[in-house]
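Since the structure comes first, as structure tokens, the remarks are kept for the end.
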Amino acid sequence: MRTVVPVVERIVETPSTVTLRFDEASRARPGQFVMVWVPGDDELPMSLSYVGARKGVTVKAMGATSRGILEISVGAPIGIRGPYGTAFDVGARRILLVGGGSGTAVLAPAAEAAMARGSRVTAALGATTATEMLFEGRLRTAGATVELATDDGTAGERGYVTGVVERLLRSDRYDVVWTCGPEVMMQKVAAAADLAGVPVVFSVERHMKCAVGMCDACTLGPYHVCVDGPVFPADRIAALPEFAHRKRDPSGRLVPT
Amino acid sequence: MRTVVPVVERIVETPSTVTLRFDEASRARPGQFVMVWVPGDDELPMSLSYVGARKGVTVKAMGATSRGILEISVGAPIGIRGPYGTAFDVGARRILLVGGGSGTAVLAPAAEAAMARGSRVTAALGATTATEMLFEGRLRTAGATVELATDDGTAGERGYVTGVVERLLRSDRYDVVWTCGPEVMMQKVAAAADLAGVPVVFSVERHMKCAVGMCDACTLGPYHVCVDGPVFPADRIAALPEFAHRKRDPSGRLVPT
Amino acid sequence: MAAVEVELAGIRLRNPFLLASGIWGESGESLKGAYAAGAAGAVTKSIGAEPRAGYPNPTVESYGTWGMLNAMGLPNPGIGEYPREIGIARDAGVPLIGSVFAGDAEGFAEVARQMAETGVQALELNLSCPHAKGLGSEVGSDPAEVERVVRAVVGAVQIPVFAKITPNTADPVALGLAAERGGAAAVTAINTVRALAIDARLRRAVLAHGLGGLSGPAIKPVGLAVVWQLYEKLRIPVIGVGGISTADDAIEYALAGARAVQVGTAVAFDGVRVFGNLSRQLPARLDALGFPSWAFAVGAAHPPREPSSRSPRGGP
Amino acid sequence: MAAVEVELAGIRLRNPFLLASGIWGESGESLKGAYAAGAAGAVTKSIGAEPRAGYPNPTVESYGTWGMLNAMGLPNPGIGEYPREIGIARDAGVPLIGSVFAGDAEGFAEVARQMAETGVQALELNLSCPHAKGLGSEVGSDPAEVERVVRAVVGAVQIPVFAKITPNTADPVALGLAAERGGAAAVTAINTVRALAIDARLRRAVLAHGLGGLSGPAIKPVGLAVVWQLYEKLRIPVIGVGGISTADDAIEYALAGARAVQVGTAVAFDGVRVFGNLSRQLPARLDALGFPSWAFAVGAAHPPREPSSRSPRGGP
Ligand SMILES: Cc1cc2nc3c(=O)[nH]c(=O)nc-3n(C[C@H](O)[C@H](O)[C@H](O)COP(=O)(O)OP(=O)(O)OC[C@H]3O[C@@H](n4cnc5c(N)ncnc54)[C@H](O)[C@@H]3O)c2cc1C
Ligand SMILES: Cc1cc2nc3c(=O)[nH]c(=O)nc-3n(C[C@H](O)[C@H](O)[C@H](O)COP(=O)(O)OP(=O)(O)OC[C@H]3O[C@@H](n4cnc5c(N)ncnc54)[C@H](O)[C@@H]3O)c2cc1C
Ligand SMILES: Cc1cc2nc3c(=O)[nH]c(=O)nc-3n(C[C@H](O)[C@H](O)[C@H](O)COP(=O)(O)O)c2cc1C
Ligand SMILES: Cc1cc2nc3c(=O)[nH]c(=O)nc-3n(C[C@H](O)[C@H](O)[C@H](O)COP(=O)(O)O)c2cc1C
Ligand code: FES
Ligand code: FES
């Protein structure tokens with residue numbers, strides 16, 4: 001269930017993103033998440049960016065807590081609950097992976113697992129700027145074809161990664177698209193894939209408390225993201241009025257995203 | 001742990017003794033006891049007189065509760081907790097079994113188990129009168145040599161079974177003596193066996209409540225009869241001042257037996 | 001097959017199983033989902049006058065299969081926003097019990113009035129949250145306060161009012177009787193048991209709030225005791241809650257005196273499908289135990305009582 | 001290796017583990033046996049003025065590995081007979097805490113006086129038996145009564161007096177503070193949690209008495225909460241009890257604020273050898289968790305407090 005483990009490695013991935021590795025024996029599948037407890041601070045859901053016995057989470061600086069996580073040093077103890085939630089089905093043959101910002105964290109282990117089983121992976125990664133590009137090297141090393149987009153054009157195409165995605169979907173055939181990033185981005189990806197007739201899988205985030213499907217904090221329409229997700233077939237959630245436009249705050253109120 | 005089962009057979013063994021059979025799957029060894037709960041009345045410790053899947057207890061009319069148990073009819077539900085406590089070591093080759101009154105109840109399944117493994121069993125059974133003799137037929141059927149004693153001489157020798165025991169110990173060699181009955185009787189049996197150099201095993205009774213070694217109701221010197229007993233090597237308890245002479249009442253006071 | 005319908009303060013329920021407050025009840029879709037899964041109805045999350053974010057994480061700690069500790073801190077969107085959620089569930093036909101909390105009788109009456117306006121069938125007053133300061137348990141552990149709160153709410157609404165009481169008391173019967181005097185239509189028992197988890201490696205309390213409430217199988221014996229005691233002395237029906245995850249657990253509550261039951265933590269262990277399992281298994285289990293109906297089992301473990309000592313309990 | 005000796009109200013204990021009252025403590029041989037097995041000392045069975053047979057069987061119900069329910073009904077040989085048992089344990093050098101109960105302050109003072117004469121090192125007042133009518137819990141749930149009882153006993157004896165309080169209360173701190181005001185040298189928490197078991201097949205409560213008290217692992221979080229709360233407000237030491245069966249459980253109690261701990265139900269699960277296991281494992285576990293001694297762990301999960309707000313806690 002819950003365990004307390006020391007951080008055994010701390011890797012600075014980008015100026016705003018750090019990976020923390022820790023040894024934890026549970027079986028996890030790519031797409032699943034853990035609740036990471038920074039003692040004395042909050043406990044936050046984090047996708048596993050490494051799913052083996054030496055697990056990892058890749059954290060982007062957002063608010064106070066995530067910044068706190070970034071600063072955890074090697075040897076410091078953290079609390080881990082999980083793994084929780086649904087996973088990617090790594091059986092597809094030709095996979096297009098679309099990561100926006102730190103969204104790539106959850107896609108990387110899924111891509112690795114799929115490629116290890118013989119799948120062909122193309123990754124379209126977006127970031128604000130070249131130095132913020134996450135896991136480009138990791139994916140190339142694993143054998144993926146990687147295409148980039150940055151807001152400022154410092155790497156790959158200038159503009160949103162959705163442009164790259166549209167081009168890729170036109171020029172090649174895929175069995176599935178996996179995407180994680182801002183919900184508006186994921187919605188655009190889904191729209192493009194729909195045109196191309198390719199099914200899409202989302203990894204989504206909602207405010208989480210219990211992580212065991214009890215407290216209702218993470219509802220998204222009829223679903224609880226902690227147990228029914230975070231990995232969802234896009235067609236189950238893309239059209240929900242609460243997707244891309246609204247989410248629930250910690251009180252359960254619907255607020256604009 | 002606790003289970004509620006219907007009585008499936010009711011056998012009148014003697015005018016004052018009835019066996020109730022019930023199906024209960026736990027593994028029990030000869031010598032162990034169960035707590036028999038008569039709903040609405042008390043719960044009492046009873047040795048298992050049958051230890052297989054169809055278990056049995058053989059109850060003698062004493063006070064109100066045991067009389068209540070005697071009157072339970074086939075189909076009525078009873079509560080069973082257990083089996084608890086220590087068992088007879090059925091590995092001995094030549095066994096002398098000494099049962100006083102309903103004490104034979106716990107010896108019979110042990111004798112059967114031993115004979116099934118090739119042991120030779122001689123049984124010395126005592127009772128007030130011929131009609132109160134318990135399990136004589138059962139033991140003979142299983143292959144034991146049976147010798148009897150009754151207070152009124154209506155079966156076997158007139159007098160106490162201890163006389164028979166002394167004679168048997170003189171005329172034959174045994175590896176062990178198993179005995180259950182009044183403690184004064186067991187003490188006499190132990191004295192005789194001591195002279196003959198044969199180790200003795202007692203099955204003893206004390207007031208029981210928890211049956212799991214917690215409440216201290218069943219203390220006998222440094223032992224708790226519910227977990228350290230009821231089957232004891234005689235040399236551990238025969239000389240205790242609390243044996244044969246005193247026991248604890250339900251309040252924990254030492255009272256004369 | 002044994003009949004399992006229940007009549008509770010004039011509300012007809014298709015079975016005795018209600019979703020307990022605070023589990024799945026923050027959103028209308030979830031209330032609807034519990035009903036679709038098989039629950040007879042749902043108690044909403046406890047709603048207050050204002051939105052509350054609740055305590056920071058960690059808010060839960062689990063103990064294998066026998067228990068769960070939580071200190072959510074009564075997060076809720078506030079009665080201003082909540083009618084939207086109620087609407088979704090009500091339109092789907094879910095029998096709803098609106099749970100509310102406040103710091104005093106006036107506060108309770110006001111939020112209860114607003115909750116009643118949403119069209120719920122009954123109200124449940126959370127007089128028993130063991131870990132939110134000034135909200136519930138302090139009010140809920142004083143019989144005089146309980147009576148005052150219940151009376152104020154009963155005076156403010158037209159629908160039946162249930163009082164949910166705490167097990168963290170020397171005398172649950174005093175609380176139940178106070179609710180009855182105040183005009184409650186039923187008493188719900190129990191809320192969670194005050195508890196705390198420590199992590200020795202981190203040398204601190206696990207939950208951000210420190211104290212929390214224990215729920216799940218471990219508190220079933222505690223809930224049964226309270227229901228048993230209430231049934232002995234109250235005339236109004238008792239709704240049992242605490243550690244129910246099987247039909248047999250529910251039947252034990254019925255035998256102790258519960259007219260209906262609520263299920264909470266089992267949803268975390270088994271998912272909301274637990275309501276389907278429970279409602280499917282109940283008739284067969286009642287049959288096997290020889291009860292012609294659920295109503296027959298209610299209170300059946302108590303020694304027969306003088307007919308005059310309390311009002312008859314009809315069923316279902 | 002971490003030091004594990006404890007000083008408790010002037011009594012030096014070789015480790016923090018005491019036998020809890022009511023387990024094994026009816027006979028002198030058993031008190032001696034617990035000490036021989038590794039306990040640092042033993043609390044006696046709660047002794048009253050007169051012999052009591054206790055309730056009829058069934059007196060216990062067990063819940064697999066997580067709990068135990070009992071309603072023994074305070075069986076005891078009475079203070080007239082009990083000195084014989086004490087003598088056996090005392091002669092064997094067992095540090096002894098004599099537990100007593102009565103219906104009111106005068107009764108407590110009288111039986112306490114007689115218990116003190118037997119040569120026990122301290123007294124523990126059972127103010128908390130959840131199921132014996134008129135004996136304990138009624139007295140023990142009213143702070144004013146608790147204070148009165150403790151004061152009466154403290155006035156009647158020369159040895160330290162511990163007050164054992166109930167978890168079945170809205171406000172354990174009020175009870176602890178009352179004991180402190182009355183002159184108690186320590187507070188023991190907790191006794192069992194009021195609970196009940198039903199057998200659906202037999203349609204009745206399992207225990208002959210109906211209500212009983214829950215003990216064992218399931219109540220560890222409940223006991224930790226009470227100890228935590230008491231430690232925050234009391235100046236006298238707290239003795240933790242409830243669900244301890246491993247050295248880690250004990251360390252959690254220490255972190256919550258317990259100076260020493262008692263072990264009860266674990267004896268039913270593991271036998272009295274549990275005391276050997278606990279005392280052997282404790283130093284290694286403290287080492288692994290980075291505590292130089294048991295005393296260091298006491299209260300260590302609490303946020304640092306103003307130095308002036310309470311008396312310093314020395315150790316061991
Ligand atoms: C399934 C899942 C997987 C995630 N995986 C990653 C990941 O791999 N890497 C990563 O950097 N982030 C991930 N997140 C997001 C992460 O949990 C936090 O939301 C983010 O780190 C911001 O937290 P903060 O407290 O620093 O920000 P704050 O400034 O405190 O808050 C910013 C936003 O963070 C969100 N937030 C705060 N607390 C929570 C919470 N308990 N649950 C969800 N959101 C919360 C709120 O929506 C808030 O608006 C994931 C979230 C979910 C639900
Ligand atoms: C390990 C063990 C095995 C036993 N096996 C058998 C058996 O196979 N057949 C059989 O007929 N009897 C057996 N007994 C004895 C039985 O438990 C009762 O003591 C006996 O039936 C008389 O009970 P009563 O309530 O009818 O008598 P009462 O008239 O109520 O009391 C007579 C005596 O019974 C004893 N007694 C009452 N309650 C208990 C109790 N909870 N535990 C122990 N003794 C009690 C008391 O010593 C009392 O003095 C066994 C006892 C023990 C401890
Ligand atoms: C996560 C969680 C949140 C809860 N929130 C509330 C609440 O808001 N209002 C309330 O009256 N009870 C609340 N409860 C208590 C439950 O309704 C129920 O009384 C308790 O959990 C015991 O039932 P269970 O063992 O089936 O969970 C909550 C319980 C849990 C576990
Ligand atoms: C069988 C049994 C008998 C008990 N008798 C007493 C008693 O006489 N006096 C008392 O103060 N506590 C009594 N208790 C309570 C224990 O001392 C202890 O407070 C409680 O069981 C919690 O600890 P545990 O979980 O380690 O058992 C008894 C508990 C049990 C299980
Ligand atoms: S986080 Fe509690 S239901 Fe999902
Ligand atoms: S019957 Fe309780 S210790 Fe043996």
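Chain labels A, B, ... are given in the sequence in which chains occur in the structure tokens; within each chain residues are numbered consecutively from 1, and ligands are likewise numbered from 1 in the order shown.
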
Any chance you could list, as a PyMOL selection string, the residues in range 82-128 of chain D that come up strand (DSSP E or B) when DSSP is run on the backbone? chain D and resi 96-100+122-126

Write out as a PDB file with N, CA, C and O atoms, in the first residue's frame each polymer residue (protein, DNA or RNA) that has an atom no more than 8 Å from ligand 5, with only C-alpha atoms and all ligand atoms counted.
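Output file out27.pdb follows:
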ATOM      1  N   HIS A 207      -7.911  16.696  -9.932  1.00  0.00           N
ATOM      2  CA  HIS A 207      -7.500  16.826  -8.542  1.00  0.00           C
ATOM      3  C   HIS A 207      -7.765  15.505  -7.818  1.00  0.00           C
ATOM      4  O   HIS A 207      -8.845  14.951  -7.917  1.00  0.00           O
ATOM      5  N   MET A 208      -6.762  15.011  -7.105  1.00  0.00           N
ATOM      6  CA  MET A 208      -6.928  13.718  -6.451  1.00  0.00           C
ATOM      7  C   MET A 208      -6.668  13.798  -4.962  1.00  0.00           C
ATOM      8  O   MET A 208      -5.776  14.505  -4.512  1.00  0.00           O
ATOM      9  N   LYS A 209      -7.472  13.045  -4.244  1.00  0.00           N
ATOM     10  CA  LYS A 209      -7.298  12.954  -2.798  1.00  0.00           C
ATOM     11  C   LYS A 209      -7.097  11.492  -2.401  1.00  0.00           C
ATOM     12  O   LYS A 209      -6.003  11.073  -2.084  1.00  0.00           O
ATOM     13  N   CYS A 210      -8.152  10.695  -2.451  1.00  0.00           N
ATOM     14  CA  CYS A 210      -8.026   9.323  -1.950  1.00  0.00           C
ATOM     15  C   CYS A 210      -7.264   8.414  -2.905  1.00  0.00           C
ATOM     16  O   CYS A 210      -6.590   7.494  -2.476  1.00  0.00           O
ATOM     17  N   ALA A 211      -7.431   8.622  -4.208  1.00  0.00           N
ATOM     18  CA  ALA A 211      -6.827   7.784  -5.246  1.00  0.00           C
ATOM     19  C   ALA A 211      -7.371   6.366  -5.293  1.00  0.00           C
ATOM     20  O   ALA A 211      -6.867   5.528  -6.030  1.00  0.00           O
ATOM     21  N   VAL A 212      -8.390   6.071  -4.490  1.00  0.00           N
ATOM     22  CA  VAL A 212      -8.956   4.719  -4.501  1.00  0.00           C
ATOM     23  C   VAL A 212     -10.442   4.698  -4.861  1.00  0.00           C
ATOM     24  O   VAL A 212     -11.157   3.745  -4.562  1.00  0.00           O
ATOM     25  N   GLY A 213     -10.915   5.771  -5.519  1.00  0.00           N
ATOM     26  CA  GLY A 213     -12.282   5.731  -6.033  1.00  0.00           C
ATOM     27  C   GLY A 213     -13.355   5.917  -4.990  1.00  0.00           C
ATOM     28  O   GLY A 213     -14.455   5.394  -5.117  1.00  0.00           O
ATOM     29  N   MET A 214     -13.073   6.683  -3.974  1.00  0.00           N
ATOM     30  CA  MET A 214     -14.001   6.812  -2.860  1.00  0.00           C
ATOM     31  C   MET A 214     -14.481   8.241  -2.653  1.00  0.00           C
ATOM     32  O   MET A 214     -15.663   8.482  -2.418  1.00  0.00           O
ATOM     33  N   CYS A 215     -13.565   9.196  -2.736  1.00  0.00           N
ATOM     34  CA  CYS A 215     -13.883  10.540  -2.232  1.00  0.00           C
ATOM     35  C   CYS A 215     -14.551  11.442  -3.254  1.00  0.00           C
ATOM     36  O   CYS A 215     -15.070  12.499  -2.905  1.00  0.00           O
ATOM     37  N   ASP A 216     -14.568  11.047  -4.504  1.00  0.00           N
ATOM     38  CA  ASP A 216     -15.239  11.816  -5.557  1.00  0.00           C
ATOM     39  C   ASP A 216     -14.473  13.080  -5.965  1.00  0.00           C
ATOM     40  O   ASP A 216     -15.012  13.886  -6.728  1.00  0.00           O
ATOM     41  N   ALA A 217     -13.249  13.277  -5.479  1.00  0.00           N
ATOM     42  CA  ALA A 217     -12.525  14.500  -5.841  1.00  0.00           C
ATOM     43  C   ALA A 217     -12.225  14.548  -7.327  1.00  0.00           C
ATOM     44  O   ALA A 217     -12.226  15.617  -7.932  1.00  0.00           O
ATOM     45  N   CYS A 218     -11.965  13.390  -7.924  1.00  0.00           N
ATOM     46  CA  CYS A 218     -11.406  13.355  -9.276  1.00  0.00           C
ATOM     47  C   CYS A 218     -12.433  13.068 -10.343  1.00  0.00           C
ATOM     48  O   CYS A 218     -12.085  12.591 -11.417  1.00  0.00           O
ATOM     49  N   THR A 219     -13.729  13.336 -10.064  1.00  0.00           N
ATOM     50  CA  THR A 219     -14.745  12.988 -11.063  1.00  0.00           C
ATOM     51  C   THR A 219     -14.564  13.755 -12.354  1.00  0.00           C
ATOM     52  O   THR A 219     -14.250  14.940 -12.369  1.00  0.00           O
ATOM     53  N   HIS A 224     -14.311   8.269 -12.453  1.00  0.00           N
ATOM     54  CA  HIS A 224     -13.355   8.684 -11.433  1.00  0.00           C
ATOM     55  C   HIS A 224     -11.974   8.442 -12.028  1.00  0.00           C
ATOM     56  O   HIS A 224     -11.608   7.296 -12.297  1.00  0.00           O
ATOM     57  N   VAL A 225     -11.255   9.515 -12.221  1.00  0.00           N
ATOM     58  CA  VAL A 225      -9.986   9.410 -12.944  1.00  0.00           C
ATOM     59  C   VAL A 225      -9.011   8.481 -12.213  1.00  0.00           C
ATOM     60  O   VAL A 225      -8.225   7.785 -12.836  1.00  0.00           O
ATOM     61  N   CYS A 226      -9.112   8.401 -10.884  1.00  0.00           N
ATOM     62  CA  CYS A 226      -8.141   7.585 -10.139  1.00  0.00           C
ATOM     63  C   CYS A 226      -8.324   6.094 -10.361  1.00  0.00           C
ATOM     64  O   CYS A 226      -7.371   5.345 -10.224  1.00  0.00           O
ATOM     65  N   VAL A 227      -9.544   5.657 -10.665  1.00  0.00           N
ATOM     66  CA  VAL A 227      -9.744   4.220 -10.894  1.00  0.00           C
ATOM     67  C   VAL A 227     -10.176   3.895 -12.327  1.00  0.00           C
ATOM     68  O   VAL A 227      -9.772   2.883 -12.884  1.00  0.00           O
TER      69      VAL A 227
ATOM     70  N   TRP C  24     -18.383   9.090  -2.963  1.00  0.00           N
ATOM     71  CA  TRP C  24     -18.967   9.260  -4.292  1.00  0.00           C
ATOM     72  C   TRP C  24     -20.050  10.332  -4.360  1.00  0.00           C
ATOM     73  O   TRP C  24     -20.647  10.506  -5.423  1.00  0.00           O
TER      74      TRP C  24
END

Write as JSON, numbers by chain the residues around ligand 4, taking 8 Å as the cut-off and counting only C-alpha atoms and all ligand atoms. {"B": [210, 214, 215], "D": [20, 21, 22, 23, 44, 45, 46, 47, 60, 67, 68, 69, 70, 71, 72, 74, 75, 99, 100, 124, 125, 126, 127, 128, 129, 164, 189, 190, 191, 192, 213, 214, 215, 216, 217, 218, 219, 220, 241, 242, 243, 244, 245, 262, 263, 264, 265, 266]}

Could those selected residues go to a file with N, CA and C atoms, as a compact mmCIF listing (two decimals), in the first residue's frame?
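Contents of part-v9.txt, as written:
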# COMPACT_ATOMS: atom_id res chain seq x y z
N CYS B 210 -12.08 -18.04 27.58
CA CYS B 210 -11.64 -17.62 26.24
C CYS B 210 -11.20 -18.78 25.36
N MET B 214 -5.80 -16.35 27.03
CA MET B 214 -5.78 -14.93 27.29
C MET B 214 -6.35 -14.57 28.66
N CYS B 215 -7.45 -15.20 29.03
CA CYS B 215 -8.23 -14.69 30.17
C CYS B 215 -7.76 -15.21 31.52
N ALA D 20 -0.89 -6.10 29.81
CA ALA D 20 -2.10 -5.29 30.03
C ALA D 20 -3.04 -5.98 31.01
N SER D 21 -3.85 -5.19 31.66
CA SER D 21 -4.78 -5.74 32.65
C SER D 21 -5.80 -6.67 32.01
N GLY D 22 -6.07 -7.77 32.68
CA GLY D 22 -7.13 -8.67 32.24
C GLY D 22 -6.64 -9.79 31.36
N ILE D 23 -5.38 -9.68 30.97
CA ILE D 23 -4.79 -10.76 30.19
C ILE D 23 -3.79 -11.46 31.09
N THR D 44 -2.07 -6.22 36.94
CA THR D 44 -2.92 -7.33 37.35
C THR D 44 -4.27 -7.23 36.67
N LYS D 45 -5.01 -8.32 36.69
CA LYS D 45 -6.43 -8.30 36.39
C LYS D 45 -7.07 -7.24 37.28
N SER D 46 -8.12 -6.59 36.80
CA SER D 46 -8.79 -5.61 37.65
C SER D 46 -9.50 -6.32 38.80
N ILE D 47 -9.14 -5.90 40.02
CA ILE D 47 -9.64 -6.57 41.22
C ILE D 47 -10.64 -5.66 41.93
N VAL D 60 -15.98 -14.41 24.55
CA VAL D 60 -15.11 -13.84 23.52
C VAL D 60 -15.58 -14.22 22.12
N GLY D 67 -8.80 -8.53 15.19
CA GLY D 67 -9.48 -8.07 16.39
C GLY D 67 -10.07 -9.17 17.22
N MET D 68 -10.49 -8.78 18.39
CA MET D 68 -11.05 -9.70 19.38
C MET D 68 -12.10 -8.92 20.15
N LEU D 69 -13.21 -9.57 20.41
CA LEU D 69 -14.27 -8.94 21.19
C LEU D 69 -14.41 -9.71 22.48
N ASN D 70 -14.53 -9.03 23.61
CA ASN D 70 -14.76 -9.77 24.86
C ASN D 70 -15.70 -9.03 25.78
N ALA D 71 -16.40 -9.83 26.56
CA ALA D 71 -17.15 -9.29 27.69
C ALA D 71 -16.99 -10.32 28.79
N MET D 72 -15.88 -10.20 29.52
CA MET D 72 -15.61 -11.14 30.60
C MET D 72 -16.49 -10.78 31.80
N LEU D 74 -15.49 -8.58 34.24
CA LEU D 74 -14.61 -8.34 35.39
C LEU D 74 -14.58 -9.48 36.41
N PRO D 75 -14.41 -10.71 35.94
CA PRO D 75 -14.25 -11.80 36.91
C PRO D 75 -12.99 -11.54 37.71
N SER D 99 -4.24 -3.41 39.31
CA SER D 99 -5.43 -2.78 38.74
C SER D 99 -6.63 -3.02 39.65
N VAL D 100 -7.40 -1.98 39.89
CA VAL D 100 -8.59 -2.12 40.73
C VAL D 100 -9.79 -1.44 40.08
N GLU D 124 -3.32 0.89 39.04
CA GLU D 124 -4.00 1.38 37.84
C GLU D 124 -5.50 1.31 38.11
N LEU D 125 -6.18 2.41 37.92
CA LEU D 125 -7.63 2.44 38.16
C LEU D 125 -8.34 2.16 36.85
N ASN D 126 -9.11 1.09 36.84
CA ASN D 126 -9.87 0.75 35.65
C ASN D 126 -11.13 1.61 35.63
N LEU D 127 -11.01 2.74 34.96
CA LEU D 127 -12.13 3.69 34.87
C LEU D 127 -12.84 3.51 33.55
N SER D 128 -12.73 2.35 32.98
CA SER D 128 -13.04 2.29 31.56
C SER D 128 -13.57 0.98 31.04
N CYS D 129 -13.99 0.08 31.89
CA CYS D 129 -14.50 -1.17 31.36
C CYS D 129 -15.80 -0.89 30.63
N LYS D 164 -6.72 4.59 34.05
CA LYS D 164 -6.92 4.00 32.71
C LYS D 164 -8.23 4.49 32.14
N ALA D 189 -4.01 4.54 28.31
CA ALA D 189 -5.06 4.63 27.29
C ALA D 189 -4.66 3.69 26.14
N ILE D 190 -5.57 2.85 25.74
CA ILE D 190 -7.00 2.86 25.95
C ILE D 190 -7.48 1.50 26.46
N ASN D 191 -8.67 1.47 26.99
CA ASN D 191 -9.35 0.22 27.22
C ASN D 191 -10.03 -0.17 25.90
N THR D 192 -10.81 -1.21 25.93
CA THR D 192 -11.44 -1.69 24.70
C THR D 192 -12.53 -0.74 24.18
N GLY D 213 -16.15 -5.46 24.33
CA GLY D 213 -15.11 -4.49 24.02
C GLY D 213 -14.18 -5.04 22.95
N LEU D 214 -13.93 -4.23 21.94
CA LEU D 214 -13.05 -4.64 20.84
C LEU D 214 -11.60 -4.35 21.23
N SER D 215 -10.72 -5.29 20.95
CA SER D 215 -9.29 -5.11 21.21
C SER D 215 -8.51 -5.66 20.02
N GLY D 216 -7.20 -5.52 20.07
CA GLY D 216 -6.37 -6.06 19.00
C GLY D 216 -6.05 -5.04 17.92
N PRO D 217 -5.39 -5.49 16.83
CA PRO D 217 -4.89 -4.58 15.80
C PRO D 217 -5.88 -3.51 15.33
N ALA D 218 -7.16 -3.84 15.25
CA ALA D 218 -8.13 -2.88 14.74
C ALA D 218 -8.22 -1.64 15.60
N ILE D 219 -7.88 -1.73 16.88
CA ILE D 219 -8.02 -0.54 17.72
C ILE D 219 -6.70 0.22 17.87
N LYS D 220 -5.66 -0.25 17.20
CA LYS D 220 -4.41 0.50 17.30
C LYS D 220 -4.59 1.95 16.84
N VAL D 241 -1.84 1.63 25.11
CA VAL D 241 -2.29 0.24 24.99
C VAL D 241 -3.41 0.16 23.97
N GLY D 242 -3.38 -0.89 23.19
CA GLY D 242 -4.41 -1.10 22.18
C GLY D 242 -3.79 -1.57 20.87
N GLY D 243 -3.88 -2.87 20.62
CA GLY D 243 -3.48 -3.39 19.33
C GLY D 243 -1.99 -3.52 19.10
N ILE D 244 -1.20 -3.49 20.13
CA ILE D 244 0.25 -3.63 19.92
C ILE D 244 0.63 -5.10 19.81
N SER D 245 1.25 -5.46 18.70
CA SER D 245 1.74 -6.83 18.60
C SER D 245 3.14 -6.90 18.01
N GLN D 262 1.42 -1.23 26.95
CA GLN D 262 0.92 -2.50 27.46
C GLN D 262 0.46 -3.36 26.29
N VAL D 263 0.53 -4.65 26.49
CA VAL D 263 0.19 -5.59 25.44
C VAL D 263 -0.83 -6.58 25.98
N GLY D 264 -1.94 -6.72 25.28
CA GLY D 264 -2.99 -7.61 25.74
C GLY D 264 -3.30 -8.70 24.74
N THR D 265 -4.14 -8.37 23.78
CA THR D 265 -4.67 -9.37 22.85
C THR D 265 -3.59 -10.11 22.08
N ALA D 266 -2.44 -9.48 21.88
CA ALA D 266 -1.37 -10.17 21.15
C ALA D 266 -0.98 -11.46 21.86

Chain C contacts on chain A, only C-alpha atoms, 12 Å, as a PyMOL selection string: chain A and resi 1-6+35-45+65+76-82+207-224+226-228+240+242+247-255

Expected answer as an NGL selection string: residues within 6 Å of ligand 1, only C-alpha atoms and all ligand atoms: :A and (33 or 44-47 or 57-60 or 62-67 or 102 or 105 or 205-209 or 230)

Write out as a ChimeraX atom specification the residues lying within 10 Å of Leu97 in chain B, counting only C-alpha atoms and excluding same-chain residues fewer than 3 positions away. /B:94,104,107-108,110-111,121-125,144,146,165,176-180,200-201

Please determine, counting only C-alpha atoms and all ligand atoms, which residue among B:Val184, B:Ile69, B:Val90, B:Leu148 has the shortest atom-to-atom distance to ligand 2. B:Ile69

Just list the residues in range 16-254 of chain D DSSP gives alpha helix (DSSP H) on the backbone, as a VMD selection string. chain D and resid 28 to 37 82 to 91 105 to 117 137 to 140 143 to 156 172 to 182 220 to 233 247 to 254

Report as a VMD selection string all protein, DNA and RNA residues lying within 12 Å of Pro182 in chain A, evaluated on only C-alpha atoms, omitting residues in the same chain fewer than 4 positions from it. chain A and resid 98 to 104 126 to 127 160 to 162 186 to 189 202 to 206 243 to 245 257
